[in-house]
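The next block is data-v6.txt, given as compact mmCIF, C-alpha atoms and all ligand atoms.
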```
# COMPACT_ATOMS: atom_id res chain seq x y z
CA MET A 1 154.69 81.72 61.98
CA LYS A 2 152.08 82.35 64.67
CA ASP A 3 151.50 85.84 65.95
CA VAL A 4 153.36 85.50 69.25
CA THR A 5 155.01 88.31 71.19
CA PRO A 6 158.28 88.03 73.12
CA ALA A 7 156.25 88.34 76.34
CA ASP A 8 154.83 84.88 75.57
CA TRP A 9 158.23 83.24 75.35
CA ARG A 10 159.10 80.72 78.04
CA PHE A 11 162.39 79.85 76.40
CA VAL A 12 164.61 81.75 73.99
CA LEU A 13 167.44 80.24 71.97
CA ALA A 14 169.96 82.84 70.82
CA THR A 15 172.30 80.89 68.59
CA ASP A 16 175.25 81.20 66.27
CA LEU A 17 174.63 79.52 62.90
CA ASP A 18 177.73 77.97 61.32
CA GLY A 19 179.01 75.05 63.39
CA THR A 20 176.25 75.59 65.96
CA PHE A 21 172.58 75.78 64.88
CA LEU A 22 173.57 74.48 61.42
CA GLY A 23 176.07 71.96 62.84
CA GLY A 24 175.71 68.38 64.10
CA THR A 25 174.17 65.41 62.33
CA THR A 26 171.06 65.64 60.16
CA ALA A 27 169.14 63.73 62.85
CA MET A 28 170.23 66.16 65.59
CA ARG A 29 169.28 69.18 63.51
CA ARG A 30 165.91 67.67 62.66
CA ARG A 31 165.16 66.94 66.32
CA LEU A 32 166.02 70.46 67.42
CA TYR A 33 164.26 72.19 64.53
CA ASP A 34 161.10 70.07 64.96
CA TRP A 35 161.01 70.75 68.71
CA ILE A 36 161.31 74.50 68.11
CA GLU A 37 158.60 74.50 65.45
CA SER A 38 156.22 72.43 67.58
CA ASN A 39 156.71 74.84 70.53
CA ARG A 40 156.73 78.02 68.50
CA ASP A 41 154.00 79.61 70.63
CA GLN A 42 156.38 79.72 73.60
CA VAL A 43 159.89 79.41 72.14
CA GLY A 44 161.71 82.43 70.73
CA LEU A 45 164.51 82.01 68.20
CA ILE A 46 167.24 84.56 67.58
CA TYR A 47 170.13 84.07 65.19
CA VAL A 48 173.34 85.62 66.48
CA THR A 49 175.70 85.34 63.56
CA GLY A 50 178.68 86.71 61.71
CA ARG A 51 176.70 86.29 58.54
CA ASP A 52 175.17 89.24 56.79
CA PRO A 53 171.37 89.24 56.56
CA GLU A 54 171.27 88.60 52.81
CA PHE A 55 172.58 85.08 53.39
CA LEU A 56 169.77 84.08 55.74
CA PRO A 57 166.87 83.42 53.34
CA LEU A 58 169.12 80.91 51.57
CA ILE A 59 169.18 78.69 54.64
CA TRP A 60 165.46 79.09 55.36
CA ASP A 61 164.85 77.55 51.98
CA LYS A 62 166.59 74.42 53.30
CA GLY A 63 164.12 73.83 56.14
CA VAL A 64 165.92 75.69 58.93
CA PRO A 65 163.47 77.48 61.28
CA VAL A 66 163.00 81.18 60.55
CA PRO A 67 164.03 83.29 63.56
CA ASP A 68 162.02 86.01 65.28
CA TYR A 69 165.01 88.35 65.43
CA VAL A 70 168.54 88.51 64.06
CA VAL A 71 171.72 89.85 65.60
CA GLY A 72 173.85 89.72 62.46
CA ASP A 73 177.15 90.96 61.10
CA VAL A 74 178.94 89.96 64.36
CA GLY A 75 176.57 92.18 66.38
CA THR A 76 176.52 95.24 64.14
CA THR A 77 173.05 94.46 62.78
CA ILE A 78 170.04 94.17 65.12
CA ALA A 79 166.87 93.34 63.24
CA ALA A 80 163.36 91.94 63.44
CA VAL A 81 162.21 89.30 60.98
CA GLU A 82 158.90 90.22 59.40
CA GLY A 83 157.69 87.38 57.25
CA ARG A 84 160.90 86.70 55.35
CA ARG A 85 162.12 90.27 55.45
CA ILE A 86 164.90 91.38 57.77
CA ALA A 87 164.06 94.79 59.21
CA PRO A 88 166.86 96.56 61.14
CA ILE A 89 165.67 98.27 64.33
CA PRO A 90 166.96 101.86 64.01
CA THR A 91 166.70 102.74 67.70
CA LEU A 92 168.95 99.80 68.58
CA GLU A 93 171.41 100.38 65.75
CA ALA A 94 171.84 104.14 66.21
CA GLU A 95 174.67 103.84 68.71
CA ILE A 96 176.40 101.20 66.58
CA ALA A 97 176.20 103.44 63.51
CA GLU A 98 177.52 106.38 65.49
CA ARG A 99 180.47 104.43 66.88
CA TRP A 100 181.37 103.19 63.38
CA GLY A 101 180.95 106.59 61.74
CA ASP A 102 182.96 106.80 58.51
CA ALA A 103 185.44 104.11 59.54
CA THR A 104 184.97 101.97 56.42
CA SER A 105 187.31 104.00 54.21
CA HIS A 106 189.94 104.34 56.95
CA VAL A 107 189.93 100.61 57.67
CA ARG A 108 190.12 99.75 53.97
CA ALA A 109 193.13 102.04 53.55
CA LEU A 110 194.91 100.29 56.42
CA LEU A 111 193.97 96.66 55.80
CA ASP A 112 192.77 95.91 52.27
CA SER A 113 196.29 95.27 50.99
CA ALA A 114 197.87 94.17 54.29
CA PRO A 115 199.69 90.80 54.12
CA GLY A 116 197.57 87.82 55.13
CA LEU A 117 194.26 89.67 54.72
CA ARG A 118 191.73 89.55 51.90
CA PRO A 119 188.51 91.60 52.09
CA GLN A 120 185.32 89.51 52.26
CA ASP A 121 183.19 89.97 49.23
CA THR A 122 180.14 91.44 50.99
CA PRO A 123 179.02 95.05 51.42
CA PHE A 124 178.99 95.71 55.18
CA ARG A 125 177.33 98.63 56.96
CA TYR A 126 179.07 99.01 60.31
CA ARG A 127 181.98 96.57 60.11
CA MET A 128 184.73 95.30 57.83
CA SER A 129 185.63 91.64 57.61
CA TYR A 130 188.57 89.83 56.07
CA HIS A 131 189.74 86.34 55.29
CA TYR A 132 192.79 85.90 57.44
CA ASP A 133 195.93 83.82 56.96
CA PRO A 134 197.80 83.64 60.29
CA ALA A 135 201.03 82.54 58.58
CA ALA A 136 201.28 85.68 56.46
CA PHE A 137 199.56 88.19 58.77
CA ASP A 138 201.55 91.04 60.37
CA PRO A 139 200.01 91.79 63.81
CA GLY A 140 201.55 95.26 63.60
CA VAL A 141 198.57 96.42 61.53
CA ILE A 142 196.17 95.93 64.45
CA MET A 143 197.28 98.88 66.55
CA PRO A 144 196.58 101.61 63.95
CA VAL A 145 193.07 100.14 63.50
CA GLU A 146 192.45 100.14 67.24
CA ALA A 147 193.68 103.74 67.35
CA LEU A 148 190.64 104.61 65.19
CA GLY A 149 188.42 103.58 68.12
CA LEU A 150 187.66 100.13 66.71
CA ASP A 151 187.96 96.53 67.93
CA VAL A 152 189.73 93.78 66.01
CA LEU A 153 188.35 90.25 66.47
CA ILE A 154 190.02 87.14 65.04
CA SER A 155 188.12 83.85 65.05
CA HIS A 156 188.43 80.32 63.77
CA GLU A 157 191.97 81.23 62.73
CA CYS A 158 190.57 82.33 59.37
CA TYR A 159 188.41 85.44 59.90
CA LEU A 160 189.33 88.93 61.04
CA ASP A 161 186.51 91.33 61.87
CA VAL A 162 186.83 95.05 62.55
CA LEU A 163 183.95 96.26 64.71
CA PRO A 164 182.87 99.49 66.42
CA ARG A 165 184.46 99.52 69.87
CA GLY A 166 182.44 97.58 72.45
CA VAL A 167 180.09 96.15 69.83
CA SER A 168 179.94 92.38 69.44
CA LYS A 169 177.42 89.57 69.58
CA GLY A 170 176.87 89.55 73.36
CA PRO A 171 176.32 93.29 73.97
CA SER A 172 174.00 93.55 70.95
CA LEU A 173 171.98 90.55 72.11
CA LYS A 174 171.59 92.13 75.55
CA ARG A 175 170.48 95.39 73.94
CA LEU A 176 167.84 93.49 71.97
CA MET A 177 166.60 91.52 74.99
CA ALA A 178 166.22 94.72 77.03
CA HIS A 179 164.27 96.28 74.15
CA LEU A 180 161.96 93.24 74.01
CA GLY A 181 161.65 92.90 77.79
CA VAL A 182 162.77 89.26 77.80
CA ALA A 183 163.95 87.86 81.13
CA GLU A 184 167.49 86.50 81.32
CA GLU A 185 166.31 83.33 83.07
CA VAL A 186 164.60 82.02 79.93
CA MET A 187 167.59 82.39 77.65
CA LEU A 188 170.20 80.05 76.21
CA VAL A 189 173.11 81.30 74.10
CA ALA A 190 175.00 78.89 71.85
CA GLY A 191 178.19 79.10 69.84
CA ASP A 192 181.39 77.41 68.72
CA THR A 193 184.12 79.98 67.95
CA LEU A 194 185.88 82.93 69.53
CA ASN A 195 183.50 85.46 68.03
CA ASP A 196 180.86 83.81 70.25
CA LEU A 197 182.85 84.44 73.44
CA SER A 198 181.00 87.70 74.16
CA LEU A 199 177.74 85.69 74.20
CA PHE A 200 179.07 83.54 77.04
CA GLN A 201 180.49 86.59 78.81
CA THR A 202 176.93 87.90 79.24
CA GLY A 203 176.53 85.35 82.06
CA LEU A 204 173.46 83.85 80.37
CA ALA A 205 173.05 80.07 80.32
CA GLY A 206 175.32 78.86 77.53
CA ALA A 207 175.97 75.97 75.18
CA VAL A 208 179.54 75.72 73.94
CA VAL A 209 178.79 73.03 71.39
CA GLY A 210 180.99 70.00 70.72
CA GLY A 211 183.85 70.61 68.31
CA ALA A 212 184.24 74.22 69.46
CA GLU A 213 187.40 76.19 68.66
CA PRO A 214 190.09 75.34 71.29
CA ALA A 215 190.67 79.04 72.07
CA LEU A 216 186.96 79.39 72.94
CA LEU A 217 187.07 76.29 75.15
CA GLU A 218 189.99 77.76 77.02
CA ALA A 219 188.33 81.17 77.39
CA VAL A 220 185.09 79.75 78.84
CA THR A 221 186.77 77.76 81.62
CA ALA A 222 186.24 80.83 83.83
CA LEU A 223 182.54 81.10 82.87
CA PRO A 224 180.56 78.55 84.91
CA ARG A 225 177.25 79.00 83.05
CA ALA A 226 178.87 78.17 79.70
CA HIS A 227 178.15 74.44 79.50
CA VAL A 228 180.71 72.61 77.38
CA CYS A 229 178.67 70.13 75.37
CA THR A 230 179.67 66.69 74.15
CA ALA A 231 177.56 66.61 71.01
CA PRO A 232 178.36 68.91 68.08
CA GLY A 233 176.16 71.67 66.72
CA ALA A 234 172.42 71.21 67.15
CA GLY A 235 173.09 68.12 69.29
CA GLY A 236 174.96 70.28 71.79
CA ILE A 237 172.06 72.73 71.95
CA LEU A 238 169.66 69.83 72.69
CA GLU A 239 172.01 68.68 75.44
CA ALA A 240 172.26 72.17 76.99
CA ILE A 241 168.49 72.81 77.03
CA ALA A 242 168.15 69.73 79.23
CA THR A 243 171.26 70.41 81.34
CA HIS A 244 170.22 73.98 82.16
CA ARG A 245 166.57 72.83 82.71
CA LEU A 246 165.38 75.63 80.49
CA HIS A 247 162.09 74.12 79.39
CA PRO A 248 159.60 71.89 81.26
CA GLU A 249 159.42 69.56 78.26
CA PRO A 250 162.92 69.63 76.80
CA PRO A 251 163.63 67.91 73.50
CA GLU A 252 165.19 64.48 73.69
CA ALA A 253 168.95 64.89 73.57
CA HIS A 254 169.36 61.35 72.25
CA PRO A 255 166.98 59.32 70.14
MG MG B 1 180.12 79.37 64.34
```
Starting from the file, give its structure as structure tokens.
Ligand SMILES: [Mg+2]
Amino acid sequence: MKDVTPADWRFVLATDLDGTFLGGTTAMRRRLYDWIESNRDQVGLIYVTGRDPEFLPLIWDKGVPVPDYVVGDVGTTIAAVEGRRIAPIPTLEAEIAERWGDATSHVRALLDSAPGLRPQDTPFRYRMSYHYDPAAFDPGVIMPVEALGLDVLISHECYLDVLPRGVSKGPSLKRLMAHLGVAEEVMLVAGDTLNDLSLFQTGLAGAVVGGAEPALLEAVTALPRAHVCTAPGAGGILEAIATHRLHPEPPEAHP
């Protein structure tokens, strides 16, 4: 990657991964990825994902562009990418760590054996995440968790995340952009499920990609800058770059 600073960026894509940057047809992904790589001196790339950072190098090995920064773990990790190393930015994470405190053990005691929940097999720092079965789940367990000063976020009808209160993808992305001094006008956020809603609530130009979760589609009807795309995944991002006129030479949305 070239040695470019965020001040050089004329366009920044802050994108969810699963179903969004990694979604769409092979041809759509190739077109988007090639356009980013050929404009890397002026295009910034930020992953905003529920994935934990250890997963990311696995997808880079498959030809997916390496980002400049990562907002990971549903917003509880904010990190720079140095070469192929993910380096958390302590000044940006301090408040997240403080809000989480020693919540892990309390959350585990409340939820690990709750009906309809199964802990995800990943060591998390400032969150807990579960596989979620809506048919078996008892919503009564949410209130005691919220009483600990935490937020509960359900998405895709199969994941339940417990996060420090007020921390999610959107607020963490804004914290990172302020730290980098990137203007809001150059940004596009993209996502496909409810845990991406906070990205669209930032008021930044948005791409709700085709095939998005119905609950997200309903929630963004009140958010005029969240463009609901026709094409899925990477194809939707291509469409939104052109629709929002975010780059003087946008990639072709259709071959
Ligand atoms: Mg997704």
#### Entry: Given 12 Å and all atoms listed in the file, residues near ligand MG 1 (chain B) as a ChimeraX atom specification
/A:15-24,47-51,74,155-156,158-159,169,190-197,199,208-213,216,232-234
### Message
Which residue is closest to A:Ala79? Choose from A:Gly116, A:Pro53, A:Gly181, A:Gly101 and count all atoms listed in the file.
### Response
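For A:Ala79, the nearest of the given residues is A:Pro53.
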### Query
If you measure from atom CA of A:Val189 to atom CA of A:Pro171, what distance in Å do you get, rounded to one decimal?
12.4 Å
### Message
Neighbouring residues of A:Phe200 were defined as those with any atom within 8 Å, considering only C-alpha atoms; residues of the same chain fewer than 6 positions away were excluded. Please report them as a PyMOL selection string.
### Response
chain A and resi 170+189+206+220+223+225-226
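If you look at atom CA of A:Gly203 and atom CA of A:Glu184, they are 9.1 Å away from each other.
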### Message
Please report the interatomic distance between atom CA of A:Thr202 and atom CA of A:Thr91 in Å with one decimal.
### Response
21.4 Å
Against stretch 146-150 of chain A, which residues of stretch 70-139 of chain A fall within 9 Å? For each one I want the closest pair of atoms and the distance in Å (one decimal), counting all atoms listed in the file, rows by chain and increasing residue number, as a tab-separated table.
```
residue	atom	partner	partner_atom	distance
A:Arg99	CA	A:Gly149	CA	8.1
A:Trp100	CA	A:Leu150	CA	7.7
A:Ala103	CA	A:Leu148	CA	7.7
A:His106	CA	A:Leu148	CA	8.3
A:Val107	CA	A:Leu148	CA	8.5
```
Reconstruct stretch 21-34 of chain A at the level of N, CA and C atoms, and format the result as a PDB file, in the frame of the given file.
```pdb
ATOM      1  N   PHE A  21     173.964  76.143  65.245  1.00  0.00           N
ATOM      2  CA  PHE A  21     172.580  75.780  64.880  1.00  0.00           C
ATOM      3  C   PHE A  21     172.563  74.950  63.585  1.00  0.00           C
ATOM      4  N   LEU A  22     173.513  75.223  62.684  1.00  0.00           N
ATOM      5  CA  LEU A  22     173.570  74.480  61.420  1.00  0.00           C
ATOM      6  C   LEU A  22     174.496  73.274  61.505  1.00  0.00           C
ATOM      7  N   GLY A  23     175.114  73.052  62.693  1.00  0.00           N
ATOM      8  CA  GLY A  23     176.070  71.960  62.840  1.00  0.00           C
ATOM      9  C   GLY A  23     175.422  70.725  63.453  1.00  0.00           C
ATOM     10  N   GLY A  24     176.221  69.652  63.571  1.00  0.00           N
ATOM     11  CA  GLY A  24     175.710  68.380  64.100  1.00  0.00           C
ATOM     12  C   GLY A  24     175.166  67.521  62.974  1.00  0.00           C
ATOM     13  N   THR A  25     174.676  66.333  63.350  1.00  0.00           N
ATOM     14  CA  THR A  25     174.170  65.410  62.330  1.00  0.00           C
ATOM     15  C   THR A  25     172.794  65.870  61.831  1.00  0.00           C
ATOM     16  N   THR A  26     172.391  65.326  60.699  1.00  0.00           N
ATOM     17  CA  THR A  26     171.060  65.640  60.160  1.00  0.00           C
ATOM     18  C   THR A  26     169.981  65.284  61.189  1.00  0.00           C
ATOM     19  N   ALA A  27     170.150  64.153  61.867  1.00  0.00           N
ATOM     20  CA  ALA A  27     169.140  63.730  62.850  1.00  0.00           C
ATOM     21  C   ALA A  27     169.067  64.712  64.030  1.00  0.00           C
ATOM     22  N   MET A  28     170.222  65.195  64.484  1.00  0.00           N
ATOM     23  CA  MET A  28     170.230  66.160  65.590  1.00  0.00           C
ATOM     24  C   MET A  28     169.552  67.464  65.179  1.00  0.00           C
ATOM     25  N   ARG A  29     169.883  67.921  63.989  1.00  0.00           N
ATOM     26  CA  ARG A  29     169.280  69.180  63.510  1.00  0.00           C
ATOM     27  C   ARG A  29     167.770  69.022  63.403  1.00  0.00           C
ATOM     28  N   ARG A  30     167.353  67.898  62.844  1.00  0.00           N
ATOM     29  CA  ARG A  30     165.910  67.670  62.660  1.00  0.00           C
ATOM     30  C   ARG A  30     165.192  67.683  64.003  1.00  0.00           C
ATOM     31  N   ARG A  31     165.804  67.023  65.010  1.00  0.00           N
ATOM     32  CA  ARG A  31     165.160  66.940  66.320  1.00  0.00           C
ATOM     33  C   ARG A  31     165.013  68.323  66.948  1.00  0.00           C
ATOM     34  N   LEU A  32     166.075  69.118  66.856  1.00  0.00           N
ATOM     35  CA  LEU A  32     166.020  70.460  67.420  1.00  0.00           C
ATOM     36  C   LEU A  32     165.031  71.339  66.655  1.00  0.00           C
ATOM     37  N   TYR A  33     165.128  71.314  65.339  1.00  0.00           N
ATOM     38  CA  TYR A  33     164.260  72.190  64.530  1.00  0.00           C
ATOM     39  C   TYR A  33     162.788  71.807  64.736  1.00  0.00           C
ATOM     40  N   ASP A  34     162.496  70.505  64.771  1.00  0.00           N
ATOM     41  CA  ASP A  34     161.100  70.070  64.960  1.00  0.00           C
ATOM     42  C   ASP A  34     160.580  70.479  66.331  1.00  0.00           C
TER      43      ASP A  34
END
```
